[in-house]
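> Enclosed is the structure file run33.cif (mmCIF, C-alpha atoms).
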data_final
#
loop_
_atom_site.group_PDB
_atom_site.id
_atom_site.type_symbol
_atom_site.label_atom_id
_atom_site.label_comp_id
_atom_site.auth_asym_id
_atom_site.auth_seq_id
_atom_site.Cartn_x
_atom_site.Cartn_y
_atom_site.Cartn_z
ATOM 1 C CA MET L 1 36.352 -6.254 54.513
ATOM 2 C CA ALA L 2 37.690 -2.760 55.150
ATOM 3 C CA HIS L 3 39.078 -2.673 51.657
ATOM 4 C CA ALA L 4 35.709 -3.672 50.218
ATOM 5 C CA ASP L 5 33.947 -0.928 52.217
ATOM 6 C CA VAL L 6 36.380 1.676 50.940
ATOM 7 C CA SER L 7 35.819 0.500 47.360
ATOM 8 C CA THR L 8 32.065 0.697 47.742
ATOM 9 C CA THR L 9 32.243 4.161 49.291
ATOM 10 C CA SER L 10 34.565 5.356 46.550
ATOM 11 C CA GLU L 11 32.231 4.148 43.838
ATOM 12 C CA ALA L 12 29.270 5.819 45.534
ATOM 13 C CA GLY L 13 31.252 9.021 45.868
ATOM 14 C CA HIS L 14 31.814 9.099 42.143
ATOM 15 C CA GLY L 15 28.079 8.719 41.483
ATOM 16 C CA ARG L 16 28.234 5.129 40.259
ATOM 17 C CA SER L 17 25.756 2.487 41.304
ATOM 18 C CA THR L 18 27.036 0.125 44.021
ATOM 19 C CA GLY L 19 24.799 -2.660 42.752
ATOM 20 C CA HIS L 20 26.147 -5.343 40.455
ATOM 21 C CA HIS L 21 23.828 -6.460 37.660
ATOM 22 C CA ALA L 22 24.372 -9.919 36.267
ATOM 23 C CA PRO L 23 25.046 -9.840 32.522
ATOM 24 C CA ALA L 24 22.154 -12.246 31.948
ATOM 25 C CA THR L 25 19.299 -12.139 34.442
ATOM 26 C CA ALA L 26 16.471 -14.654 34.424
ATOM 27 C CA GLY L 27 14.118 -12.053 32.971
ATOM 28 C CA LYS L 28 16.499 -11.131 30.181
ATOM 29 C CA VAL L 29 17.072 -14.781 29.299
ATOM 30 C CA ALA L 30 13.292 -15.292 29.140
ATOM 31 C CA VAL L 31 12.937 -12.317 26.801
ATOM 32 C CA TRP L 32 15.689 -13.586 24.521
ATOM 33 C CA LEU L 33 14.107 -17.044 24.406
ATOM 34 C CA PHE L 34 10.769 -15.452 23.503
ATOM 35 C CA LEU L 35 12.417 -13.354 20.802
ATOM 36 C CA ALA L 36 14.095 -16.496 19.457
ATOM 37 C CA THR L 37 10.661 -18.028 18.852
ATOM 38 C CA GLU L 38 9.542 -14.792 17.210
ATOM 39 C CA ILE L 39 12.606 -14.847 14.970
ATOM 40 C CA MET L 40 11.698 -18.359 13.842
ATOM 41 C CA PHE L 41 8.095 -17.261 13.229
ATOM 42 C CA PHE L 42 9.003 -14.285 11.049
ATOM 43 C CA THR L 43 11.765 -16.263 9.345
ATOM 44 C CA GLY L 44 9.093 -18.773 8.356
ATOM 45 C CA LEU L 45 6.862 -16.006 7.001
ATOM 46 C CA ILE L 46 9.639 -14.317 5.060
ATOM 47 C CA GLY L 47 11.022 -17.619 3.798
ATOM 48 C CA SER L 48 7.584 -18.691 2.565
ATOM 49 C CA TYR L 49 7.170 -15.360 0.803
ATOM 50 C CA ILE L 50 10.512 -15.756 -0.964
ATOM 51 C CA VAL L 51 9.701 -19.330 -2.037
ATOM 52 C CA LEU L 52 6.224 -18.412 -3.295
ATOM 53 C CA ARG L 53 7.568 -15.425 -5.194
ATOM 54 C CA ALA L 54 10.391 -17.429 -6.759
ATOM 55 C CA GLY L 55 7.944 -20.130 -7.847
ATOM 56 C CA SER L 56 5.389 -17.736 -9.300
ATOM 57 C CA SER L 57 4.659 -18.055 -13.019
ATOM 58 C CA SER L 58 6.387 -15.555 -15.284
ATOM 59 C CA ARG L 59 2.900 -14.648 -16.544
ATOM 60 C CA GLY L 60 1.244 -14.502 -13.152
ATOM 61 C CA TYR L 61 0.687 -10.734 -13.207
ATOM 62 C CA SER L 62 0.010 -8.411 -16.104
ATOM 63 C CA ASN L 63 -0.850 -4.803 -16.862
ATOM 64 C CA LEU L 64 -4.194 -5.661 -18.491
ATOM 65 C CA TYR L 65 -5.751 -8.674 -16.750
ATOM 66 C CA PRO L 66 -6.456 -9.896 -13.197
ATOM 67 C CA PRO L 67 -3.796 -12.100 -11.543
ATOM 68 C CA THR L 68 -5.957 -15.235 -11.897
ATOM 69 C CA THR L 69 -6.378 -14.869 -15.682
ATOM 70 C CA ASN L 70 -5.005 -17.482 -18.075
ATOM 71 C CA ILE L 71 -2.708 -15.193 -20.040
ATOM 72 C CA ALA L 72 -1.815 -17.921 -22.544
ATOM 73 C CA GLU L 73 -5.154 -17.306 -24.289
ATOM 74 C CA LEU L 74 -4.664 -13.538 -24.424
ATOM 75 C CA GLU L 75 -1.027 -13.073 -25.386
ATOM 76 C CA LYS L 76 -1.678 -11.064 -28.554
ATOM 77 C CA THR L 77 -4.394 -8.830 -27.144
ATOM 78 C CA HIS L 78 -4.085 -5.122 -26.447
ATOM 79 C CA GLY L 79 -5.747 -2.659 -24.142
ATOM 80 C CA VAL L 80 -6.532 1.004 -23.751
ATOM 81 C CA VAL L 81 -5.621 2.722 -20.480
ATOM 82 C CA ILE L 82 -7.872 5.690 -19.711
ATOM 83 C CA LYS L 83 -6.104 8.340 -17.650
ATOM 84 C CA ALA L 84 -8.828 11.014 -17.688
ATOM 85 C CA VAL L 85 -12.441 10.986 -18.910
ATOM 86 C CA GLY L 86 -12.590 14.653 -19.874
ATOM 87 C CA GLY L 87 -15.761 16.709 -20.176
ATOM 88 C CA ALA L 88 -17.957 14.140 -21.927
ATOM 89 C CA PRO L 89 -18.162 11.059 -19.679
ATOM 90 C CA GLU L 90 -21.371 9.770 -21.279
ATOM 91 C CA GLN L 91 -19.863 9.826 -24.767
ATOM 92 C CA VAL L 92 -16.742 8.108 -23.452
ATOM 93 C CA ALA L 93 -18.909 5.396 -21.903
ATOM 94 C CA HIS L 94 -20.833 4.938 -25.151
ATOM 95 C CA ALA L 95 -17.602 4.628 -27.111
ATOM 96 C CA ILE L 96 -16.396 1.857 -24.793
ATOM 97 C CA GLU L 97 -19.749 0.079 -24.999
ATOM 98 C CA GLY L 98 -19.651 0.179 -28.797
ATOM 99 C CA ALA L 99 -16.090 -1.099 -29.012
ATOM 100 C CA THR L 100 -16.386 -3.904 -26.473
ATOM 101 C CA GLY L 101 -20.052 -4.837 -26.100
ATOM 102 C CA MET L 102 -19.881 -4.131 -22.364
ATOM 103 C CA THR L 103 -23.017 -3.219 -20.456
ATOM 104 C CA PRO L 104 -23.318 0.274 -18.934
ATOM 105 C CA VAL L 105 -22.747 -1.215 -15.476
ATOM 106 C CA GLU L 106 -19.550 -2.939 -16.615
ATOM 107 C CA VAL L 107 -18.296 0.262 -18.247
ATOM 108 C CA GLU L 108 -19.021 2.243 -15.096
ATOM 109 C CA LYS L 109 -16.998 -0.257 -13.088
ATOM 110 C CA VAL L 110 -14.085 0.095 -15.524
ATOM 111 C CA LEU L 111 -14.125 3.892 -15.348
ATOM 112 C CA GLU L 112 -13.987 3.823 -11.550
ATOM 113 C CA ALA L 113 -10.300 2.929 -11.902
ATOM 114 C CA VAL L 114 -9.379 6.166 -13.746
ATOM 115 C CA PRO L 115 -6.532 7.245 -14.065
ATOM 116 C CA HIS L 116 -5.622 3.566 -14.532
ATOM 117 C CA ALA L 117 -8.872 2.290 -16.061
ATOM 118 C CA VAL L 118 -8.259 -0.515 -18.548
ATOM 119 C CA VAL L 119 -10.338 -1.628 -21.516
ATOM 120 C CA ALA L 120 -8.767 -4.945 -22.519
ATOM 121 C CA ARG L 121 -9.313 -7.984 -24.753
ATOM 122 C CA LEU L 122 -8.913 -5.856 -27.886
ATOM 123 C CA SER L 123 -6.992 -6.433 -31.077
ATOM 124 C CA ALA L 124 -4.352 -3.879 -31.978
ATOM 125 C CA ALA L 125 -6.673 -2.358 -34.584
ATOM 126 C CA LYS L 126 -9.653 -2.123 -32.234
ATOM 127 C CA ALA L 127 -7.481 -0.625 -29.493
ATOM 128 C CA HIS L 128 -6.250 2.065 -31.890
ATOM 129 C CA THR L 129 -9.809 2.804 -33.079
ATOM 130 C CA LEU L 130 -11.116 3.073 -29.516
ATOM 131 C CA LEU L 131 -8.222 5.379 -28.613
ATOM 132 C CA GLU L 132 -9.142 7.728 -31.442
ATOM 133 C CA GLN L 133 -12.806 7.742 -30.374
ATOM 134 C CA LEU L 134 -11.923 8.481 -26.765
ATOM 135 C CA GLU L 135 -9.546 11.286 -27.666
ATOM 136 C CA SER L 136 -12.200 12.827 -29.919
ATOM 137 C CA GLN L 137 -14.440 13.036 -26.832
ATOM 138 C CA GLY L 138 -11.741 14.805 -24.807
ATOM 139 C CA ALA L 139 -10.530 11.769 -22.870
ATOM 140 C CA LYS L 140 -6.853 11.127 -22.204
ATOM 141 C CA ALA L 141 -5.861 7.559 -23.003
ATOM 142 C CA GLU L 142 -3.135 5.413 -24.500
ATOM 143 C CA THR L 143 -2.876 1.927 -25.961
ATOM 144 C CA GLU L 144 -0.974 -0.763 -24.077
ATOM 145 C CA GLU L 145 0.498 -4.037 -25.216
ATOM 146 C CA LEU L 146 0.267 -6.962 -22.832
ATOM 147 C CA VAL L 147 3.188 -7.009 -20.377
ATOM 148 C CA THR L 148 3.570 -9.831 -17.867
ATOM 149 C CA HIS L 149 5.588 -10.279 -14.669
ATOM 150 C CA ASN L 150 6.138 -13.090 -12.218
ATOM 151 C CA TRP L 151 5.435 -10.664 -9.333
ATOM 152 C CA PRO L 152 4.114 -7.077 -9.046
ATOM 153 C CA LYS L 153 6.828 -4.490 -9.593
ATOM 154 C CA PRO L 154 7.439 -1.564 -7.187
ATOM 155 C CA TYR L 155 5.974 1.742 -8.363
ATOM 156 C CA ASP L 156 3.917 -0.016 -11.071
ATOM 157 C CA PRO L 157 0.340 1.276 -10.635
ATOM 158 C CA MET L 158 -0.987 -1.333 -13.070
ATOM 159 C CA THR L 159 0.066 -4.320 -10.947
ATOM 160 C CA ASN L 160 1.103 -3.000 -7.527
ATOM 161 C CA PRO L 161 -1.134 -0.818 -5.321
ATOM 162 C CA LEU L 162 1.329 -0.329 -2.459
ATOM 163 C CA SER L 163 2.247 3.245 -1.591
ATOM 164 C CA ILE L 164 6.003 3.054 -1.125
ATOM 165 C CA ASP L 165 6.412 6.754 -0.312
ATOM 166 C CA LEU L 166 3.818 6.656 2.480
ATOM 167 C CA THR L 167 5.268 3.472 3.936
ATOM 168 C CA ALA L 168 8.830 4.794 3.729
ATOM 169 C CA ALA L 169 7.751 7.784 5.829
ATOM 170 C CA ASN L 170 5.992 5.429 8.236
ATOM 171 C CA THR L 171 9.157 3.322 8.466
ATOM 172 C CA PHE L 172 11.127 6.421 9.450
ATOM 173 C CA VAL L 173 8.513 7.105 12.135
ATOM 174 C CA LEU L 174 8.988 3.621 13.567
ATOM 175 C CA ILE L 175 12.780 4.002 13.561
ATOM 176 C CA CYS L 176 12.364 7.219 15.559
ATOM 177 C CA SER L 177 10.462 5.236 18.192
ATOM 178 C CA SER L 178 13.524 3.043 18.714
ATOM 179 C CA VAL L 179 15.526 6.192 19.424
ATOM 180 C CA THR L 180 13.059 7.395 22.063
ATOM 181 C CA MET L 181 13.060 3.900 23.593
ATOM 182 C CA VAL L 182 16.846 4.022 23.958
ATOM 183 C CA LEU L 183 16.605 7.491 25.520
ATOM 184 C CA ALA L 184 13.967 6.277 27.995
ATOM 185 C CA LEU L 185 16.231 3.472 29.188
ATOM 186 C CA ALA L 186 19.251 5.786 29.428
ATOM 187 C CA ALA L 187 17.216 8.332 31.406
ATOM 188 C CA ILE L 188 16.069 5.883 34.071
ATOM 189 C CA GLN L 189 19.591 4.457 34.385
ATOM 190 C CA GLN L 190 20.698 8.004 35.224
ATOM 191 C CA GLY L 191 17.868 8.459 37.701
ATOM 192 C CA LYS L 192 15.950 10.948 35.506
ATOM 193 C CA LYS L 193 12.459 9.622 36.124
ATOM 194 C CA THR L 194 10.559 12.479 34.488
ATOM 195 C CA LYS L 195 12.583 12.243 31.291
ATOM 196 C CA CYS L 196 12.128 8.485 31.268
ATOM 197 C CA SER L 197 8.340 8.873 31.454
ATOM 198 C CA ALA L 198 8.409 11.516 28.711
ATOM 199 C CA TYR L 199 10.422 9.304 26.367
ATOM 200 C CA LEU L 200 8.195 6.317 27.117
ATOM 201 C CA LEU L 201 5.143 8.400 26.247
ATOM 202 C CA ALA L 202 6.838 9.586 23.051
ATOM 203 C CA THR L 203 7.506 5.962 22.093
ATOM 204 C CA VAL L 204 3.852 5.076 22.717
ATOM 205 C CA VAL L 205 2.658 8.003 20.596
ATOM 206 C CA ILE L 206 5.065 7.279 17.741
ATOM 207 C CA GLY L 207 4.189 3.575 17.782
ATOM 208 C CA SER L 208 0.491 4.473 17.712
ATOM 209 C CA VAL L 209 1.092 6.731 14.707
ATOM 210 C CA PHE L 210 2.734 3.821 12.892
ATOM 211 C CA VAL L 211 -0.235 1.544 13.588
ATOM 212 C CA GLY L 212 -2.650 4.319 12.582
ATOM 213 C CA VAL L 213 -0.915 4.812 9.237
ATOM 214 C CA GLN L 214 -1.006 1.072 8.623
ATOM 215 C CA VAL L 215 -4.751 0.988 9.358
ATOM 216 C CA PHE L 216 -5.208 3.894 6.929
ATOM 217 C CA GLU L 217 -3.193 2.008 4.300
ATOM 218 C CA TYR L 218 -5.346 -1.094 4.784
ATOM 219 C CA TYR L 219 -8.503 0.973 4.414
ATOM 220 C CA GLN L 220 -7.281 2.561 1.199
ATOM 221 C CA LEU L 221 -6.244 -0.805 -0.241
ATOM 222 C CA MET L 222 -9.396 -2.689 0.705
ATOM 223 C CA VAL L 223 -12.077 -0.003 0.375
ATOM 224 C CA GLY L 224 -10.850 3.475 -0.451
ATOM 225 C CA HIS L 225 -9.606 2.983 -4.029
ATOM 226 C CA HIS L 226 -10.760 1.213 -7.149
ATOM 227 C CA TYR L 227 -7.746 -0.429 -8.754
ATOM 228 C CA PRO L 228 -7.151 -1.586 -12.342
ATOM 229 C CA PRO L 229 -7.631 -5.274 -13.243
ATOM 230 C CA GLY L 230 -3.890 -5.995 -13.145
ATOM 231 C CA ILE L 231 -4.149 -5.585 -9.370
ATOM 232 C CA SER L 232 -7.544 -7.089 -8.681
ATOM 233 C CA ALA L 233 -10.520 -8.401 -10.597
ATOM 234 C CA THR L 234 -12.810 -6.822 -7.985
ATOM 235 C CA GLY L 235 -11.160 -3.408 -8.063
ATOM 236 C CA HIS L 236 -10.083 -3.703 -4.435
ATOM 237 C CA PHE L 237 -6.852 -5.101 -2.983
ATOM 238 C CA ARG L 238 -7.881 -7.754 -0.476
ATOM 239 C CA PRO L 239 -6.265 -10.997 0.761
ATOM 240 C CA ASP L 240 -8.177 -13.202 -1.677
ATOM 241 C CA VAL L 241 -7.449 -11.365 -4.945
ATOM 242 C CA SER L 242 -3.955 -12.769 -5.555
ATOM 243 C CA LEU L 243 -1.053 -14.642 -4.018
ATOM 244 C CA PHE L 244 0.793 -11.348 -3.629
ATOM 245 C CA ALA L 245 -2.151 -9.867 -1.707
ATOM 246 C CA SER L 246 -2.370 -12.919 0.567
ATOM 247 C CA CYS L 247 1.342 -12.698 1.374
ATOM 248 C CA PHE L 248 1.175 -8.941 1.915
ATOM 249 C CA PHE L 249 -1.695 -9.017 4.400
ATOM 250 C CA ALA L 250 -0.326 -12.058 6.235
ATOM 251 C CA MET L 251 3.133 -10.581 6.745
ATOM 252 C CA THR L 252 2.216 -6.969 7.478
ATOM 253 C CA GLY L 253 -0.840 -8.019 9.482
ATOM 254 C CA PHE L 254 1.145 -10.197 11.873
ATOM 255 C CA HIS L 255 3.735 -7.466 12.236
ATOM 256 C CA GLY L 256 1.037 -4.881 12.890
ATOM 257 C CA LEU L 257 -0.350 -7.127 15.626
ATOM 258 C CA HIS L 258 3.090 -7.327 17.221
ATOM 259 C CA VAL L 259 3.477 -3.550 17.113
ATOM 260 C CA SER L 260 0.026 -3.086 18.672
ATOM 261 C CA VAL L 261 0.957 -5.452 21.515
ATOM 262 C CA GLY L 262 4.195 -3.524 21.960
ATOM 263 C CA VAL L 263 2.363 -0.185 22.122
ATOM 264 C CA LEU L 264 0.009 -1.578 24.787
ATOM 265 C CA ALA L 265 2.923 -2.947 26.826
ATOM 266 C CA LEU L 266 4.789 0.356 26.572
ATOM 267 C CA PHE L 267 1.699 2.266 27.673
ATOM 268 C CA LEU L 268 1.392 0.078 30.784
ATOM 269 C CA VAL L 269 5.094 0.605 31.536
ATOM 270 C CA PHE L 270 4.599 4.347 31.061
ATOM 271 C CA LEU L 271 1.739 4.347 33.602
ATOM 272 C CA GLN L 272 3.922 2.468 36.074
ATOM 273 C CA SER L 273 6.732 4.972 35.534
ATOM 274 C CA LEU L 274 4.411 7.754 36.701
ATOM 275 C CA THR L 275 4.096 6.038 40.081
ATOM 276 C CA GLY L 276 7.872 6.125 40.601
ATOM 277 C CA LYS L 277 8.228 2.364 40.315
ATOM 278 C CA TYR L 278 11.410 2.530 38.256
ATOM 279 C CA ASN L 279 14.800 3.841 39.382
ATOM 280 C CA PRO L 280 18.502 3.239 38.621
ATOM 281 C CA ALA L 281 18.373 0.003 40.610
ATOM 282 C CA ASN L 282 15.062 -1.223 39.162
ATOM 283 C CA TYR L 283 14.547 -0.772 35.423
ATOM 284 C CA ALA L 284 14.555 -4.359 34.130
ATOM 285 C CA THR L 285 10.962 -4.101 32.831
ATOM 286 C CA ILE L 286 11.828 -1.083 30.682
ATOM 287 C CA GLU L 287 14.857 -2.903 29.321
ATOM 288 C CA HIS L 288 12.847 -6.028 28.504
ATOM 289 C CA VAL L 289 10.072 -4.125 26.730
ATOM 290 C CA GLY L 290 12.748 -2.166 24.890
ATOM 291 C CA LEU L 291 14.309 -5.371 23.563
ATOM 292 C CA TYR L 292 10.936 -6.453 22.185
ATOM 293 C CA TRP L 293 10.345 -3.023 20.647
ATOM 294 C CA HIS L 294 13.717 -2.955 18.894
ATOM 295 C CA PHE L 295 12.967 -6.423 17.554
ATOM 296 C CA VAL L 296 9.663 -5.423 15.910
ATOM 297 C CA ASP L 297 11.364 -2.340 14.459
ATOM 298 C CA LEU L 298 14.106 -4.459 12.902
ATOM 299 C CA VAL L 299 11.591 -6.949 11.508
ATOM 300 C CA TRP L 300 9.661 -4.113 9.868
ATOM 301 C CA ILE L 301 12.763 -2.797 8.106
ATOM 302 C CA ILE L 302 13.269 -6.270 6.627
ATOM 303 C CA LEU L 303 9.600 -6.601 5.641
ATOM 304 C CA PHE L 304 9.523 -3.139 4.087
ATOM 305 C CA THR L 305 12.584 -3.922 1.999
ATOM 306 C CA ILE L 306 11.377 -7.328 0.799
ATOM 307 C CA VAL L 307 7.674 -6.638 0.265
ATOM 308 C CA TYR L 308 7.669 -3.015 -0.860
ATOM 309 C CA LEU L 309 11.025 -2.349 -2.501
ATOM 310 C CA VAL L 310 12.205 -5.588 -4.098
#
When written as structure tokens, how does the structure in this file appear?

Amino acid sequence: MAHADVSTTSEAGHGRSTGHHAPATAGKVAVWLFLATEIMFFTGLIGSYIVLRAGSSSRGYSNLYPPTTNIAELEKTHGVVIKAVGGAPEQVAHAIEGATGMTPVEVEKVLEAVPHAVVARLSAAKAHTLLEQLESQGAKAETEELVTHNWPKPYDPMTNPLSIDLTAANTFVLICSSVTMVLALAAIQQGKKTKCSAYLLATVVIGSVFVGVQVFEYYQLMVGHHYPPGISATGHFRPDVSLFASCFFAMTGFHGLHVSVGVLALFLVFLQSLTGKYNPANYATIEHVGLYWHFVDLVWIILFTIVYLV
């Protein structure tokens, strides 16, 4: 017993905790079991996405027509992509009406997608004639042959509306939140309660920024922009416009929900930290929330790579 007392005193004298933490507490096991179910959930989502993408028709998406169009009937058609209307929008509209037989309302809807507005279902000769008429009115345009893909390509504004640059920056933001989460845990383990609270608050703020950017992205996709027909027949990117859109909103939406839950949990832990609840002998809650937060960060890196970059 005397030897044990001396050992305990020596450890305390060197500033180390005298408590012994089991490598796997009941709380930590519960968190890992919960994360195991979450891994299976996201594995199912990602696996379904991969299967659906692999099974998509090689002509499922094109630069000229909506994703639901039967391309087999339009293989030899051409289109004109209008990048700028110029100083005579009425004359440009009249030229399109004359070449296609569209109504003024239909032409107006087409021009809303400038600089990626598409006038399609034209023969090569008619596309060339329309191009000359548009350029004579000061518009900037070019003819396009039909190009098809089995899935929207990254950085292709004719088939893919996703802003990779914005989301890459948002991904970096989320990664930074994992760093502040690690620093919060390290601070409380060292007894630095104020620093722990500060890092927890930083994690909450950074996580909120990520969710805010995702909400902004959703708004731009669903309402804020008018996209060319290769993205959506309606001009807006919503879950019902294509299989790609359905997969995108399902996967990123569920992840966004998980991040929102994590931000709320972290905010509650932050409030508790202000009361002095946590200390070097009692920080299990911070550790458990941190495990969940690192998990959603890792899942997002995988989703970003698969959905946005590949």
> Can you tell me, as a PyMOL selection string, what residues are no more than 8 Å from Ala117 in chain L when counting all atoms listed in the file, ignoring any on the same chain fewer than 3 positions away?
chain L and resi 81-83+110-114+227-228
> Which is closer to Val179 in chain L than all the others in L:Ile306, L:Val299, L:Ala24, L:Leu200, using only C-alpha atoms?
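Residue with the minimum atom-to-atom distance to Val179 in chain L: L:Leu200.
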> Hey, can you check how far CA of Val118 in chain L sits from CA of Val80 in chain L?
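The value is 5.7 Å.
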> Of the candidates L:Thr77, L:Thr25, L:Asn63, L:Ser273, which one gets nearest to Ala187 in chain L if we count only C-alpha atoms?
L:Ser273
> My list of candidates is L:Ile286, L:Ile71, L:Gly44, L:Pro66. Which is closest to Leu271 in chain L when distances are computed with only C-alpha atoms?
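Smallest separation from Leu271 in chain L among the options: L:Ile286.
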> Could you please determine the separation between CA of Met181 in chain L and CA of Leu291 in chain L in Å, to one decimal place?
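Going from CA of Met181 in chain L over to CA of Leu291 in chain L covers 9.4 Å.
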> Can you work out the spacing between CA of Cys176 in chain L and CA of Tyr199 in chain L in Å, to one decimal?
11.2 Å
> List, as a PyMOL selection string, every residue that the PyMOL selection byres ((chain L and resi 98-104) around 9) selects in the file provided.
chain L and resi 93-97+105-109+119-122+126-127+129-130
> Here's the selection I'm unsure about, the PyMOL selection byres ((chain L and resi 55-57) around 12); applied to the file above, which residues does it give, as a VMD selection string?
chain L and resid 48 to 54 58 to 62 67 to 72 148 to 152 242 to 244
> Name every residue that the PyMOL selection byres ((chain L and resi 280) around 6) selects in this structure, writing the answer as a list in words with chains first and numbers rising.
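Applying the PyMOL selection byres ((chain L and resi 280) around 6) to the structure shown produces Ile188, Gln189, Gly191, Asn279, Ala281 and Asn282 of chain L.
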> So that I can check the surroundings of range 137-141 of chain L, please list as a ChimeraX atom specification every protein, DNA and RNA residue that reaches within 8 Å of it, counting all atoms listed in the file and ignoring chain neighbours fewer than 2 positions away.
/L:80-88,91-92,131,133-135,143
> Residues at most 12 Å from Ser163 in chain L, counting only C-alpha atoms, excluding those fewer than 3 positions away in the same chain, as an MDAnalysis selection string?
chainID L and resid 154:157 160 166:170 213:214 216:218 220:221 304 307:309
> For a cut-off of 12 Å around (14.4, -6.7, 23.2), file coordinates, pick out all residues using all atoms listed in the file and list them as a VMD selection string.
chain L and resid 27 to 36 38 to 39 178 181 to 182 185 262 284 to 298
> For range 248-250 of chain L, find every residue with an atom within 8 Å (counting only C-alpha atoms), except residues of its own chain fewer than 2 positions away, and show them as a PDB file with C-alpha atoms, in the frame of the given file.

ATOM      1  CA  ARG L 238      -7.881  -7.754  -0.476  1.00  0.00           C
ATOM      2  CA  PRO L 239      -6.265 -10.997   0.761  1.00  0.00           C
ATOM      3  CA  PHE L 244       0.793 -11.348  -3.629  1.00  0.00           C
ATOM      4  CA  ALA L 245      -2.151  -9.867  -1.707  1.00  0.00           C
ATOM      5  CA  SER L 246      -2.370 -12.919   0.567  1.00  0.00           C
ATOM      6  CA  THR L 252       2.216  -6.969   7.478  1.00  0.00           C
ATOM      7  CA  GLY L 253      -0.840  -8.019   9.482  1.00  0.00           C
ATOM      8  CA  PHE L 254       1.145 -10.197  11.873  1.00  0.00           C
ATOM      9  CA  VAL L 307       7.674  -6.638   0.265  1.00  0.00           C
TER      10      VAL L 307
END
> Using all atoms listed in the file, can you tell me which of L:Pro161, L:Ala125, L:Leu264, L:Pro89 comes closest to His225 in chain L?
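For His225 in chain L, the nearest of the given residues is L:Pro161.
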> With all atoms listed in the file as the atoms that count, which of L:Ala26, L:Leu266, L:Leu45, L:Leu303 lies nearest to Leu201 in chain L?
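Using all atoms listed in the file, the shortest distance to Leu201 in chain L belongs to L:Leu266.
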> Which residue, L:Phe237, L:Gln272, L:Pro229, L:Val209, has the smallest gap to Gly256 in chain L when you use all atoms listed in the file?
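Nearest to Gly256 in chain L: L:Val209.
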> Working from the structure I just supplied, which lacks atoms in range 53-66 of chain L, can you model N, CA and C atoms there and output them as a short mmCIF file (atom, residue, chain, number, x, y, z; two decimals), in the frame of the given file?

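Result file follows (selection-v7.cif):
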data_model
loop_
_atom_site.label_atom_id
_atom_site.label_comp_id
_atom_site.auth_asym_id
_atom_site.auth_seq_id
_atom_site.Cartn_x
_atom_site.Cartn_y
_atom_site.Cartn_z
N ARG L 53 7.24 -16.39 -4.14
CA ARG L 53 7.57 -15.42 -5.19
C ARG L 53 8.46 -16.05 -6.25
N ALA L 54 9.47 -16.80 -5.81
CA ALA L 54 10.39 -17.43 -6.76
C ALA L 54 9.67 -18.45 -7.64
N GLY L 55 8.65 -19.11 -7.09
CA GLY L 55 7.94 -20.13 -7.85
C GLY L 55 6.77 -19.61 -8.64
N SER L 56 6.52 -18.31 -8.58
CA SER L 56 5.39 -17.74 -9.30
C SER L 56 5.62 -17.77 -10.81
N SER L 57 4.56 -18.01 -11.56
CA SER L 57 4.66 -18.06 -13.02
C SER L 57 5.13 -16.72 -13.58
N SER L 58 5.90 -16.78 -14.64
CA SER L 58 6.39 -15.56 -15.28
C SER L 58 5.26 -14.74 -15.90
N ARG L 59 4.07 -15.35 -16.02
CA ARG L 59 2.90 -14.65 -16.54
C ARG L 59 1.81 -14.54 -15.49
N GLY L 60 2.22 -14.54 -14.24
CA GLY L 60 1.24 -14.50 -13.15
C GLY L 60 0.56 -13.16 -12.98
N TYR L 61 1.24 -12.08 -13.39
CA TYR L 61 0.69 -10.73 -13.21
C TYR L 61 0.90 -9.96 -14.50
N SER L 62 -0.09 -9.17 -14.86
CA SER L 62 0.01 -8.41 -16.10
C SER L 62 -0.59 -7.03 -15.93
N ASN L 63 -0.35 -6.17 -16.91
CA ASN L 63 -0.85 -4.80 -16.86
C ASN L 63 -2.29 -4.68 -17.32
N LEU L 64 -2.86 -5.76 -17.91
CA LEU L 64 -4.19 -5.66 -18.49
C LEU L 64 -5.24 -6.58 -17.86
N TYR L 65 -4.80 -7.67 -17.22
CA TYR L 65 -5.75 -8.67 -16.75
C TYR L 65 -5.53 -9.03 -15.28
N PRO L 66 -6.58 -9.51 -14.61
CA PRO L 66 -6.46 -9.90 -13.20
C PRO L 66 -5.43 -11.00 -13.00
#
